[in-house]
Structure formats: C-alpha cells, structure tokens
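Pasting coords.txt here (compact mmCIF, C-alpha atoms):
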# COMPACT_ATOMS: atom_id res chain seq x y z
CA MET A 1 8.79 60.51 -53.06
CA PRO A 2 9.56 56.84 -52.27
CA GLU A 3 11.80 56.18 -49.32
CA LEU A 4 15.37 55.27 -50.24
CA ILE A 5 16.95 52.76 -47.89
CA PRO A 6 20.75 52.69 -48.29
CA ASN A 7 22.45 49.33 -47.82
CA ARG A 8 25.62 50.78 -46.28
CA ASN A 9 26.46 53.13 -43.46
CA ILE A 10 29.75 54.35 -44.91
CA GLU A 11 30.34 56.90 -47.62
CA ASP A 12 29.97 55.14 -50.92
CA PHE A 13 32.09 55.70 -54.01
CA SER A 14 30.74 52.83 -56.10
CA GLU A 15 30.87 53.15 -59.86
CA ALA A 16 27.24 52.06 -60.22
CA THR A 17 24.00 52.05 -58.22
CA LEU A 18 21.62 49.11 -58.14
CA SER A 19 18.14 50.17 -57.03
CA ILE A 20 15.79 47.38 -55.93
CA ASN A 21 12.14 48.33 -55.72
CA LEU A 22 10.59 46.44 -52.80
CA SER A 23 7.19 47.95 -53.57
CA SER A 24 7.32 46.32 -57.01
CA ILE A 25 8.17 42.96 -55.43
CA GLU A 26 5.16 43.30 -53.13
CA HIS A 27 3.00 44.32 -56.10
CA ASN A 28 4.16 41.28 -58.10
CA TYR A 29 3.47 39.01 -55.13
CA ASN A 30 -0.08 40.32 -54.85
CA ILE A 31 -0.67 39.93 -58.60
CA LEU A 32 0.50 36.30 -58.51
CA LYS A 33 -1.53 35.64 -55.38
CA SER A 34 -4.66 36.94 -57.10
CA ILE A 35 -4.01 34.76 -60.16
CA ALA A 36 -3.55 31.73 -57.89
CA ASN A 37 -7.22 32.26 -57.00
CA GLY A 38 -7.35 31.02 -53.42
CA ALA A 39 -4.24 28.85 -53.36
CA ILE A 40 -1.59 29.70 -50.77
CA CYS A 41 1.02 31.94 -52.41
CA SER A 42 4.51 31.18 -51.09
CA ALA A 43 7.75 32.86 -52.18
CA VAL A 44 11.02 31.38 -53.40
CA VAL A 45 13.87 33.42 -51.93
CA LYS A 46 16.82 31.07 -52.50
CA ALA A 47 20.19 32.35 -53.74
CA ASN A 48 19.89 35.54 -51.68
CA ALA A 49 16.43 36.23 -53.13
CA TYR A 50 17.76 35.73 -56.66
CA GLY A 51 20.65 38.05 -55.92
CA LEU A 52 18.55 40.97 -54.66
CA GLY A 53 18.98 40.61 -50.89
CA VAL A 54 17.14 37.99 -48.87
CA GLU A 55 16.86 40.15 -45.74
CA GLN A 56 15.20 43.12 -47.42
CA VAL A 57 13.08 41.04 -49.80
CA SER A 58 11.79 38.49 -47.26
CA LYS A 59 10.89 41.16 -44.70
CA ARG A 60 8.85 43.00 -47.34
CA LEU A 61 7.11 39.78 -48.36
CA VAL A 62 6.22 39.10 -44.74
CA GLN A 63 4.66 42.58 -44.63
CA ALA A 64 2.70 41.61 -47.74
CA GLY A 65 1.27 38.61 -45.90
CA CYS A 66 3.53 35.83 -47.15
CA ASN A 67 3.87 33.02 -44.60
CA ASN A 68 5.58 30.31 -46.65
CA PHE A 69 9.12 30.56 -48.03
CA PHE A 70 11.33 28.23 -50.06
CA VAL A 71 15.14 28.20 -50.10
CA ALA A 72 17.58 25.69 -51.55
CA HIS A 73 19.67 24.40 -48.67
CA LEU A 74 20.05 24.32 -44.92
CA ASN A 75 22.36 27.32 -44.49
CA GLU A 76 19.91 29.49 -46.40
CA GLY A 77 17.11 28.28 -44.17
CA ILE A 78 18.98 29.07 -40.95
CA GLU A 79 19.79 32.56 -42.26
CA LEU A 80 16.18 33.17 -43.26
CA ARG A 81 14.86 31.96 -39.90
CA GLU A 82 17.03 34.55 -38.15
CA ILE A 83 15.62 37.24 -40.45
CA ILE A 84 11.88 36.52 -40.34
CA GLY A 85 11.44 34.89 -36.94
CA ASP A 86 9.52 31.80 -35.91
CA ASN A 87 6.00 32.43 -37.20
CA HIS A 88 6.52 31.49 -40.86
CA ASN A 89 7.12 28.21 -42.67
CA ILE A 90 10.53 27.75 -44.30
CA TYR A 91 10.92 24.82 -46.71
CA ILE A 92 14.33 23.49 -47.78
CA LEU A 93 14.21 22.27 -51.38
CA HIS A 94 17.34 20.09 -51.21
CA GLY A 95 15.97 18.23 -48.21
CA LEU A 96 18.26 16.96 -45.50
CA LYS A 97 21.52 15.03 -45.32
CA ARG A 98 22.63 12.61 -42.65
CA ASN A 99 23.52 14.43 -39.40
CA GLN A 100 21.41 17.49 -40.32
CA GLN A 101 18.23 16.36 -38.60
CA ALA A 102 18.92 18.17 -35.32
CA ALA A 103 19.69 21.44 -37.14
CA PHE A 104 16.42 21.23 -39.04
CA HIS A 105 14.54 20.63 -35.82
CA LYS A 106 16.37 23.33 -33.85
CA HIS A 107 15.65 26.02 -36.45
CA ASN A 108 12.10 24.81 -37.19
CA LEU A 109 12.84 24.14 -40.86
CA ILE A 110 10.75 21.87 -43.07
CA PRO A 111 12.62 19.56 -45.46
CA VAL A 112 11.41 18.72 -48.94
CA LEU A 113 12.07 14.97 -48.97
CA ASN A 114 13.29 13.95 -52.40
CA PHE A 115 14.18 10.25 -52.10
CA MET A 116 13.60 7.31 -49.82
CA GLU A 117 16.76 7.71 -47.74
CA GLN A 118 15.75 11.26 -46.81
CA ILE A 119 12.29 10.03 -45.82
CA LYS A 120 13.81 7.33 -43.62
CA LEU A 121 16.23 9.78 -41.96
CA TRP A 122 13.45 12.22 -41.07
CA ASN A 123 10.95 9.57 -40.01
CA ASP A 124 13.49 7.77 -37.80
CA TYR A 125 14.57 11.04 -36.18
CA ALA A 126 10.96 11.98 -35.41
CA ARG A 127 10.34 8.52 -33.97
CA GLU A 128 13.34 8.93 -31.64
CA LEU A 129 11.78 12.17 -30.40
CA SER A 130 8.37 10.50 -30.03
CA THR A 131 6.76 13.17 -32.17
CA ASN A 132 5.67 13.91 -35.72
CA LEU A 133 7.75 16.33 -37.81
CA PRO A 134 6.60 18.28 -40.89
CA ALA A 135 7.85 17.69 -44.43
CA ILE A 136 6.95 17.97 -48.09
CA ILE A 137 7.17 14.82 -50.21
CA HIS A 138 8.58 15.61 -53.66
CA ILE A 139 7.66 13.27 -56.50
CA ASP A 140 9.26 13.63 -59.91
CA THR A 141 6.87 13.84 -62.86
CA GLY A 142 9.37 14.44 -65.66
CA MET A 143 12.09 16.84 -64.50
CA ASN A 144 14.49 13.99 -63.62
CA ARG A 145 16.38 16.16 -61.17
CA LEU A 146 15.03 15.66 -57.64
CA GLY A 147 12.06 13.72 -56.33
CA LEU A 148 10.86 10.16 -55.86
CA ASN A 149 10.07 8.22 -58.99
CA ILE A 150 6.51 7.00 -59.49
CA ALA A 151 7.36 3.45 -58.34
CA ASP A 152 8.76 4.76 -55.05
CA ALA A 153 5.69 6.95 -54.60
CA GLU A 154 3.47 3.88 -55.03
CA ASP A 155 5.58 1.96 -52.47
CA LEU A 156 5.25 4.88 -50.07
CA ALA A 157 1.48 4.93 -50.49
CA ARG A 158 1.27 1.18 -49.80
CA ASN A 159 3.61 1.25 -46.82
CA LYS A 160 2.30 4.02 -44.58
CA SER A 161 4.75 3.06 -41.81
CA LEU A 162 7.46 4.86 -43.80
CA LEU A 163 5.60 8.09 -43.00
CA SER A 164 4.42 7.10 -39.53
CA HIS A 165 6.12 10.06 -37.82
CA ILE A 166 6.04 12.55 -40.70
CA ASP A 167 3.39 15.25 -40.88
CA THR A 168 3.17 15.55 -44.66
CA LYS A 169 2.22 19.14 -45.43
CA PHE A 170 2.18 18.85 -49.23
CA ILE A 171 2.80 16.50 -52.11
CA MET A 172 5.01 18.41 -54.53
CA SER A 173 6.33 18.22 -58.06
CA HIS A 174 8.04 20.70 -60.38
CA LEU A 175 7.24 21.72 -63.95
CA ALA A 176 10.01 21.46 -66.53
CA CYS A 177 8.56 23.45 -69.44
CA ALA A 178 6.01 25.85 -67.97
CA SER A 179 7.88 28.81 -69.46
CA GLU A 180 6.66 27.47 -72.82
CA PRO A 181 2.88 27.51 -72.32
CA ASN A 182 2.14 25.40 -75.39
CA ASP A 183 4.66 22.67 -74.62
CA GLN A 184 2.92 19.30 -74.44
CA MET A 185 5.05 18.31 -71.45
CA ASN A 186 3.03 20.64 -69.23
CA ALA A 187 -0.12 18.59 -69.78
CA GLU A 188 1.82 15.33 -69.44
CA GLN A 189 3.26 16.36 -66.08
CA LEU A 190 -0.13 17.56 -64.88
CA GLU A 191 -1.66 14.19 -65.76
CA LYS A 192 1.12 12.34 -63.89
CA PHE A 193 0.75 14.63 -60.90
CA ASP A 194 -3.01 14.08 -60.78
CA SER A 195 -2.34 10.34 -60.72
CA VAL A 196 0.18 10.73 -57.90
CA ARG A 197 -2.26 12.84 -55.87
CA LYS A 198 -4.74 9.96 -55.91
CA LEU A 199 -2.18 7.92 -53.96
CA PHE A 200 -2.30 10.56 -51.20
CA PRO A 201 -5.87 11.88 -51.45
CA ASP A 202 -5.94 13.72 -48.12
CA ILE A 203 -2.69 15.65 -48.55
CA PRO A 204 -2.59 19.13 -50.17
CA ALA A 205 -0.53 19.56 -53.33
CA THR A 206 1.86 22.09 -54.87
CA LEU A 207 3.07 22.04 -58.46
CA SER A 208 3.43 25.51 -59.97
CA ASN A 209 6.44 27.77 -60.12
CA SER A 210 6.06 31.31 -61.54
CA ALA A 211 5.42 30.13 -65.08
CA GLY A 212 3.04 27.42 -63.90
CA ILE A 213 0.90 29.99 -62.11
CA LEU A 214 0.40 31.71 -65.46
CA LEU A 215 -0.78 28.55 -67.27
CA ASN A 216 -4.27 28.07 -65.83
CA ASP A 217 -6.14 27.14 -62.66
CA ASP A 218 -5.61 23.41 -63.24
CA TYR A 219 -1.97 23.85 -62.21
CA HIS A 220 -2.54 25.80 -58.99
CA PHE A 221 -3.68 23.16 -56.45
CA GLU A 222 -3.38 24.22 -52.78
CA MET A 223 -0.11 26.18 -52.94
CA VAL A 224 1.95 27.92 -55.64
CA ARG A 225 5.67 28.73 -55.49
CA PRO A 226 6.55 31.90 -57.42
CA GLY A 227 10.19 32.88 -57.79
CA ILE A 228 11.43 34.80 -60.84
CA SER A 229 8.12 36.61 -61.42
CA LEU A 230 8.42 38.23 -57.99
CA TYR A 231 11.60 39.89 -59.24
CA GLY A 232 10.26 41.09 -62.59
CA GLY A 233 11.62 38.32 -64.80
CA GLY A 234 10.34 35.25 -66.59
CA ASN A 235 7.09 35.17 -68.53
CA ARG A 236 5.33 38.53 -68.58
CA PRO A 237 2.04 38.18 -70.50
CA LYS A 238 0.55 41.49 -71.60
CA ASN A 239 -2.53 40.96 -69.47
CA VAL A 240 -0.49 40.36 -66.28
CA ASP A 241 0.91 43.47 -64.61
CA ILE A 242 4.32 42.19 -63.49
CA LYS A 243 6.47 45.21 -62.68
CA ASN A 244 10.17 45.79 -63.19
CA VAL A 245 12.10 45.51 -59.91
CA VAL A 246 15.75 46.36 -60.63
CA ASP A 247 17.29 49.55 -61.93
CA LEU A 248 21.05 49.55 -62.51
CA LYS A 249 22.71 52.81 -63.45
CA SER A 250 26.30 53.91 -63.93
CA SER A 251 27.87 56.99 -65.47
CA ILE A 252 30.26 57.65 -68.32
CA LEU A 253 33.90 57.48 -67.24
CA GLN A 254 35.51 58.77 -70.46
CA ILE A 255 34.50 59.93 -73.94
CA ARG A 256 36.73 59.55 -76.99
CA ASN A 257 36.45 61.26 -80.36
CA ILE A 258 37.77 58.92 -83.05
CA ASP A 259 39.82 60.68 -85.75
CA SER A 260 40.58 57.64 -87.93
CA ASP A 261 39.17 54.14 -88.41
CA GLN A 262 40.14 52.18 -85.29
CA THR A 263 39.24 49.07 -83.31
CA VAL A 264 37.92 49.00 -79.77
CA GLY A 265 38.29 46.57 -76.87
CA TYR A 266 40.03 43.26 -76.33
CA GLY A 267 40.56 41.19 -79.46
CA ALA A 268 39.85 44.20 -81.68
CA THR A 269 36.44 42.70 -82.50
CA ARG A 270 34.80 45.96 -83.54
CA THR A 271 35.92 48.74 -85.86
CA VAL A 272 34.62 52.29 -85.53
CA LYS A 273 34.84 54.85 -88.30
CA ALA A 274 36.60 58.18 -88.21
CA GLY A 275 34.28 60.80 -86.75
CA SER A 276 32.74 58.35 -84.27
CA ARG A 277 32.27 59.19 -80.63
CA ILE A 278 32.49 56.42 -78.03
CA ALA A 279 31.98 56.26 -74.27
CA THR A 280 33.52 54.01 -71.64
CA ILE A 281 31.23 52.96 -68.77
CA PRO A 282 32.78 51.40 -65.62
CA ILE A 283 30.85 48.15 -65.41
CA GLY A 284 31.85 44.72 -66.66
CA TYR A 285 31.56 40.99 -66.28
CA ALA A 286 32.90 41.20 -62.70
CA ASP A 287 29.69 43.12 -61.99
CA GLY A 288 27.48 40.55 -63.70
CA TYR A 289 27.28 42.23 -67.10
CA LEU A 290 27.92 39.07 -69.05
CA ARG A 291 30.79 38.84 -71.53
CA SER A 292 28.43 37.42 -74.13
CA LEU A 293 26.79 40.87 -74.33
CA GLY A 294 29.82 42.32 -76.13
CA ASN A 295 28.88 43.64 -79.60
CA ASN A 296 25.42 42.33 -78.84
CA SER A 297 23.60 44.59 -76.41
CA TYR A 298 22.54 48.13 -75.68
CA LEU A 299 22.35 50.71 -72.91
CA HIS A 300 20.12 53.77 -72.50
CA ILE A 301 20.89 57.40 -71.82
CA ASP A 302 17.59 59.11 -71.08
CA ASP A 303 15.36 57.78 -73.87
CA VAL A 304 18.20 57.14 -76.33
CA LYS A 305 19.32 53.59 -77.07
CA ILE A 306 23.08 53.21 -77.50
CA PRO A 307 24.81 50.02 -78.69
CA VAL A 308 27.51 48.21 -76.74
CA ILE A 309 30.56 47.80 -78.99
CA GLY A 310 33.60 45.59 -78.51
CA ARG A 311 34.03 42.91 -75.89
CA VAL A 312 32.85 43.38 -72.33
CA SER A 313 35.88 43.75 -70.06
CA MET A 314 36.08 42.79 -66.41
CA ASP A 315 35.32 46.36 -65.30
CA MET A 316 34.26 48.29 -68.42
CA VAL A 317 32.05 48.36 -71.48
CA ILE A 318 32.24 50.68 -74.48
CA ALA A 319 29.21 52.21 -76.15
CA ASP A 320 28.79 54.13 -79.41
CA ILE A 321 27.32 57.59 -78.75
CA THR A 322 27.97 59.02 -82.22
CA GLY A 323 25.52 61.76 -83.18
CA ILE A 324 23.86 61.97 -79.77
CA ASP A 325 23.90 65.46 -78.25
CA ASN A 326 24.26 66.51 -74.63
CA ILE A 327 26.21 63.46 -73.49
CA THR A 328 29.21 64.24 -71.33
CA VAL A 329 31.51 62.56 -68.84
CA ASN A 330 29.36 61.62 -65.81
CA SER A 331 26.15 61.38 -67.86
CA LYS A 332 23.96 58.68 -66.31
CA VAL A 333 23.61 55.40 -68.19
CA GLU A 334 20.88 52.80 -67.65
CA ILE A 335 22.34 49.27 -67.67
CA LEU A 336 19.18 47.49 -66.48
CA GLY A 337 15.76 49.00 -65.95
CA GLU A 338 12.56 49.94 -67.73
CA ASN A 339 14.36 50.38 -71.05
CA CYS A 340 16.85 47.52 -70.61
CA THR A 341 14.74 44.85 -68.91
CA ILE A 342 16.33 41.76 -67.42
CA ASN A 343 14.33 39.66 -69.88
CA SER A 344 15.50 41.55 -72.95
CA ILE A 345 19.15 41.61 -71.83
CA ALA A 346 18.98 37.91 -70.98
CA GLU A 347 17.67 37.15 -74.48
CA LEU A 348 20.59 39.03 -76.03
CA ALA A 349 23.01 37.09 -73.82
CA GLU A 350 21.31 33.83 -74.83
CA THR A 351 20.50 33.05 -71.23
CA ILE A 352 17.60 33.58 -68.81
CA SER A 353 16.67 36.41 -66.48
CA TYR A 354 17.51 34.21 -63.46
CA GLU A 355 21.18 34.27 -64.47
CA ILE A 356 21.19 38.04 -65.02
CA LEU A 357 19.85 38.63 -61.49
CA THR A 358 21.95 36.08 -59.63
CA ASN A 359 25.13 37.35 -61.30
CA LEU A 360 24.68 40.93 -60.17
CA GLY A 361 27.96 41.76 -58.46
CA SER A 362 28.94 42.99 -55.03
CA ARG A 363 30.54 46.29 -56.10
CA TYR A 364 27.33 48.23 -56.55
CA ASN A 365 25.88 50.73 -54.15
CA ARG A 366 22.63 48.92 -53.42
CA VAL A 367 19.63 51.08 -52.62
CA TYR A 368 16.25 49.65 -51.60
CA ILE A 369 13.22 51.69 -52.55
Show me, as structure tokens, the structure contained in the file I just sent.
Amino acid sequence: MPELIPNRNIEDFSEATLSINLSSIEHNYNILKSIANGAICSAVVKANAYGLGVEQVSKRLVQAGCNNFFVAHLNEGIELREIIGDNHNIYILHGLKRNQQAAFHKHNLIPVLNFMEQIKLWNDYARELSTNLPAIIHIDTGMNRLGLNIADAEDLARNKSLLSHIDTKFIMSHLACASEPNDQMNAEQLEKFDSVRKLFPDIPATLSNSAGILLNDDYHFEMVRPGISLYGGGNRPKNVDIKNVVDLKSSILQIRNIDSDQTVGYGATRTVKAGSRIATIPIGYADGYLRSLGNNSYLHIDDVKIPVIGRVSMDMVIADITGIDNITVNSKVEILGENCTINSIAELAETISYEILTNLGSRYNRVYI
C-alpha cells in the first residue's frame, strides 16, 4: 500500500479529501525528462506548485533529481529556498524590481531579466559588489507579455558592457501556442528564437514549456521548463504516459426523492421530473468547483457517471442519481480523478486545467500519497 502523508496534525472533519499523488508527479517528471532527450529538465512550481503544495511537490522533485526550479516572483523564491536548501537553482520569472537586488543575492535567487531596466539594475548591483551574478535573459518572440524585443536584444548583443557583470545562464523565450501542435506560430517563434540565439552563440537556450516539450526535439535546446504536465494536465498524447495526479472525493450529504416536477438550485435553472432521485454533495465554487460547471458537468460514484444539475452553489452541488442502485447518504463521490480528469472538467468549464488546479480550495483534507 502507498504511504499516506496527512497534511494536518489535528482531527479533520473536512467535507472532502484531496489526494495528491507525489509518485505520479515524479513519474511525469521522468517521462518529460526522457522526452527532452538530454536537455536539462527543470520544474515550474509557481503558484504553490499549481495549487498542489510547493513544499511537498518540490521536495519530491528534488528526490527525483531536479536541480532547477522556476517560480513567478520573489516571495515564492524565498519560500522555495527555505524548503529545498542552497544546492538547487531557483529562477524568478518576473525578474527583479528596484530595491530587490539585495534580497535576490541574499537568498541566492536567479532573476529572469525581461527588459533593459532590469538588466541595468542587476548589472549595476553586481558591479558594486565587484562580482558577476547569474541571470537568464528573456527575449520575446511573439508572446508580447514579458521579454526584450528583438531590437533590444540586438542592442544587447552589440553592447556587451550592459552584461559585463552578469553571468548569463540561458537565453530564454516562451511559446504562445504550443498547446496547439499544428499552429503555425510555433514554427514562427522557433525561427525567431534561432535568430536570437545567433546573437549569443555561446549561451545555452531554453524555450519549451510542457507543450513545447511534446512538439519535437527542435524545441528542446539545453533546458526545458515543464509545468502543467507534471501535474497531470495539459496535452496528453496517447503515446506519452502522463499520469493523473489529483483525486478529489466527497460524500453525499442528503438524498431527495422527488414526488412531483420541481426545480433545483439557485435560479431554478433545471427541472426534474416526478420520480427522480437527486443527491446533494458538499462542495462548491468556494472549493474551486467552478460555477460554470452547473448543468454542464458530471461526477462519478464507483464506475457510474452522474450529471451535475442546477447551478453550483458556494458549498454544494446537486447530482441526478435516478435509477442508480446502492447509493446512500455518505456514498463516496469522485469530483476529480481518473474518471473526472482535470482536462475533461476544464473543457466542460470552458477553461484550462491550470485554472482547475490553482482554484482548488483550502477546505479540503489534503493527503499526499
């Protein structure tokens, strides 16, 4: 039996249990590492490891051999440094702001430098210390979010004094459409990135997120940066064994036998016929089960699929269990898991699996397997 690691030391009376399979995260990391075919495989653990617990997840990834981690901002980097110690690289995607240089240096954090002011701040600070400090230089190739534009990259290549005290670990860019493998923008960004790399021929490069890893070897370069695929979401080609990571279960709070045609839930958006049987499950949008899933999703009891009916409330959903035997109060209900994957539920909610994970609430009993 796998070891169950409870996340609390007090008696727990939560309405639902969220199980997070650390072995599956390690498995997914190793699969992505093998696909990267010799490139360094880092891990993106921003936003509390996509909502799953940065302490537990990052420690398991360290055990799996991961030495390079990405988070979004400085506070996340400081927290992660306290968790994993000093022997691993932590990159901060947002880079640094004025007056943050000393904190980056103190906690041995590596900024991703996204525009010329950040480069100047870091280079000037390193010069004051009479040393060289590490960084990644981010160059935009079509995302138009963060990163130097191509003209600034060319200026940087011509004027090496701007990097005189920066130890540039990688040249980086980010793919905008890799989740759509046939999108022409993937090839366009790759071409731009290849051109940018020629400006910095001796510096390693990193381009691919999870979806980029699954495109082909041309996108891998010297380091890849998987995020959502570590956690069981995003693209899952049939020939790539990405495992499910989360299992969210609750139990039925009440069952009602309907004796005449009636409506259910806020706004009376769904009518059930006389003779129907419906169940109330104590989980709602406060727990991250999105309101858009009302009248539009499903749950599972054992191997039986049951539709969600009516609007999702803050703390409850209603499901139609008409004609299904052996369901009683306290019967276990799968909200997310092998039968209700984060990808499939995200599609029903017209969103992405990232949002499903990062919205998972704080009221669950979290168990790490």
Q: Anything within 12 Å of (15.1, 40.6, -72.7): list those residues as a PyMOL selection string, counting all atoms listed in the file and sticking to the file's coordinates.
A: chain A and resi 232-236+244+293+297-298+336-354+356
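Between CA of Ser23 (chain A) and CA of Ala64 (chain A) lies a distance of 9.7 Å.
As for CA of Gly51 (chain A) and CA of Thr358 (chain A), they are spaced 4.4 Å apart.
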Q: Using all atoms listed in the file, give me every residue within 8 Å of (9.9, 45.8, -55.5) in file coordinates, as a ChimeraX atom specification.
A: /A:20-28,231,243-246,369
Q) Which polymer residues have any atom within 12 Å of an atom of Lys305 (chain A), counting only C-alpha atoms, with same-chain residues fewer than 4 positions away left out, as an NGL selection string? A) :A and (297-301 or 319-324 or 333-335 or 339-340)
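Of the listed residues A:Ser251, A:Ser173, A:Ser313, A:Asn296, the one whose atoms come nearest to Gly267 (chain A) is A:Ser313, with distances taken using all atoms listed in the file.
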Q.
Using all atoms listed in the file for the distances, tell me which of A:Leu199, A:Ala39, A:Leu357, A:Met116 is nearest to Gly53 (chain A).
A. A:Leu357
Q.
Applying 6 Å and all atoms listed in the file, which residues near Gly294 (chain A) remain after dropping the ones on its own chain fewer than 3 positions away? List them as a PyMOL selection string.
A. chain A and resi 291+310-312
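Shortest separation to Met172 (chain A) among A:Gly275, A:Pro111, A:Pro237, A:Gly227 occurs at residue A:Pro111, atoms counted being all atoms listed in the file.
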Q. Which residues come within 12 Å of Gln262 (chain A), counting only C-alpha atoms, excluding same-chain residues fewer than 4 positions away, as a list in words?
A. Arg256, Asn257, Ile258, Ala268, Thr269, Arg270, Thr271, Val272, Lys273, Ala274, Gly275, Ser276, Arg277, Ile278 and Gly310 of chain A
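Our summary of the geometry notes that CA of Ile31 (chain A) is positioned 16.9 Å from CA of Ser58 (chain A).
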(Q) Using all atoms listed in the file for the distances, tell me which of A:His105, A:His174, A:His165, A:Lys46 is nearest to Tyr219 (chain A). (A) A:His174
**Q.** Near-Glu79 (chain A) list (10 Å; all atoms listed in the file; drop same-chain fewer than 5 positions) as a list in words
**A.** Asn48, Val54, Glu55, Leu74, Ile84 and His107 of chain A
Using the selection just defined, write its residues with C-alpha atoms as a tab-separated table (two decimals), in the frame of the given file.
chain	number	residue	atom	x	y	z
A	48	ASN	CA	19.89	35.54	-51.68
A	54	VAL	CA	17.14	37.99	-48.87
A	55	GLU	CA	16.86	40.15	-45.74
A	74	LEU	CA	20.05	24.32	-44.92
A	84	ILE	CA	11.88	36.52	-40.34
A	107	HIS	CA	15.65	26.02	-36.45
Hey, can I get the axis-aligned box for region 21-32 of chain A? All listed atoms, 4 Å padding on each side, centre and edge lengths in Å to one decimal, as lines of an AutoDock Vina configuration file.
center_x = 5.7
center_y = 42.3
center_z = -55.7
size_x = 20.8
size_y = 20.0
size_z = 13.8
Could you name the residues that touch Arg197 (chain A) at 12 Å or less, counting all atoms listed in the file, but leaving out those on the same chain fewer than 3 positions away, as a PDB file with C-alpha atoms, keeping the file's coordinate frame?
ATOM      1  CA  ILE A 137       7.170  14.820 -50.210  1.00  0.00           C
ATOM      2  CA  HIS A 138       8.580  15.610 -53.660  1.00  0.00           C
ATOM      3  CA  ILE A 139       7.660  13.270 -56.500  1.00  0.00           C
ATOM      4  CA  THR A 141       6.870  13.840 -62.860  1.00  0.00           C
ATOM      5  CA  ILE A 150       6.510   7.000 -59.490  1.00  0.00           C
ATOM      6  CA  ALA A 153       5.690   6.950 -54.600  1.00  0.00           C
ATOM      7  CA  GLU A 154       3.470   3.880 -55.030  1.00  0.00           C
ATOM      8  CA  ALA A 157       1.480   4.930 -50.490  1.00  0.00           C
ATOM      9  CA  PHE A 170       2.180  18.850 -49.230  1.00  0.00           C
ATOM     10  CA  ILE A 171       2.800  16.500 -52.110  1.00  0.00           C
ATOM     11  CA  MET A 172       5.010  18.410 -54.530  1.00  0.00           C
ATOM     12  CA  SER A 173       6.330  18.220 -58.060  1.00  0.00           C
ATOM     13  CA  LEU A 190      -0.130  17.560 -64.880  1.00  0.00           C
ATOM     14  CA  GLU A 191      -1.660  14.190 -65.760  1.00  0.00           C
ATOM     15  CA  LYS A 192       1.120  12.340 -63.890  1.00  0.00           C
ATOM     16  CA  PHE A 193       0.750  14.630 -60.900  1.00  0.00           C
ATOM     17  CA  ASP A 194      -3.010  14.080 -60.780  1.00  0.00           C
ATOM     18  CA  PHE A 200      -2.300  10.560 -51.200  1.00  0.00           C
ATOM     19  CA  PRO A 201      -5.870  11.880 -51.450  1.00  0.00           C
ATOM     20  CA  ASP A 202      -5.940  13.720 -48.120  1.00  0.00           C
ATOM     21  CA  ILE A 203      -2.690  15.650 -48.550  1.00  0.00           C
ATOM     22  CA  PRO A 204      -2.590  19.130 -50.170  1.00  0.00           C
ATOM     23  CA  ALA A 205      -0.530  19.560 -53.330  1.00  0.00           C
ATOM     24  CA  THR A 206       1.860  22.090 -54.870  1.00  0.00           C
ATOM     25  CA  LEU A 207       3.070  22.040 -58.460  1.00  0.00           C
ATOM     26  CA  PHE A 221      -3.680  23.160 -56.450  1.00  0.00           C
ATOM     27  CA  GLU A 222      -3.380  24.220 -52.780  1.00  0.00           C
TER      28      GLU A 222
END
Hey, could you patch up region 62-73 of chain A with N, CA and C atoms and hand it over as an mmCIF file, in the coordinates of the input?
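Saved file rebuild.cif follows:
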data_model
loop_
_atom_site.group_PDB
_atom_site.id
_atom_site.type_symbol
_atom_site.label_atom_id
_atom_site.label_comp_id
_atom_site.auth_asym_id
_atom_site.auth_seq_id
_atom_site.Cartn_x
_atom_site.Cartn_y
_atom_site.Cartn_z
ATOM 1 N N VAL A 62 6.961 39.343 -45.981
ATOM 2 C CA VAL A 62 6.220 39.100 -44.740
ATOM 3 C C VAL A 62 5.195 40.212 -44.519
ATOM 4 N N GLN A 63 5.598 41.465 -44.745
ATOM 5 C CA GLN A 63 4.660 42.580 -44.630
ATOM 6 C C GLN A 63 3.484 42.417 -45.583
ATOM 7 N N ALA A 64 3.759 41.810 -46.740
ATOM 8 C CA ALA A 64 2.700 41.610 -47.740
ATOM 9 C C ALA A 64 1.798 40.441 -47.398
ATOM 10 N N GLY A 65 2.124 39.714 -46.322
ATOM 11 C CA GLY A 65 1.270 38.610 -45.900
ATOM 12 C C GLY A 65 1.766 37.237 -46.269
ATOM 13 N N CYS A 66 2.986 37.135 -46.785
ATOM 14 C CA CYS A 66 3.530 35.830 -47.150
ATOM 15 C C CYS A 66 3.970 35.086 -45.897
ATOM 16 N N ASN A 67 3.537 33.840 -45.775
ATOM 17 C CA ASN A 67 3.870 33.020 -44.600
ATOM 18 C C ASN A 67 4.637 31.755 -44.941
ATOM 19 N N ASN A 68 4.920 31.534 -46.220
ATOM 20 C CA ASN A 68 5.580 30.310 -46.650
ATOM 21 C C ASN A 68 6.719 30.659 -47.612
ATOM 22 N N PHE A 69 7.930 30.202 -47.273
ATOM 23 C CA PHE A 69 9.120 30.560 -48.030
ATOM 24 C C PHE A 69 9.894 29.293 -48.408
ATOM 25 N N PHE A 70 10.492 29.330 -49.594
ATOM 26 C CA PHE A 70 11.330 28.230 -50.060
ATOM 27 C C PHE A 70 12.758 28.732 -50.298
ATOM 28 N N VAL A 71 13.725 27.971 -49.790
ATOM 29 C CA VAL A 71 15.140 28.200 -50.100
ATOM 30 C C VAL A 71 15.730 26.874 -50.529
ATOM 31 N N ALA A 72 16.995 26.899 -50.976
ATOM 32 C CA ALA A 72 17.580 25.690 -51.550
ATOM 33 C C ALA A 72 18.152 24.767 -50.491
ATOM 34 N N HIS A 73 18.971 25.299 -49.572
ATOM 35 C CA HIS A 73 19.670 24.400 -48.670
ATOM 36 C C HIS A 73 19.648 24.909 -47.235
#
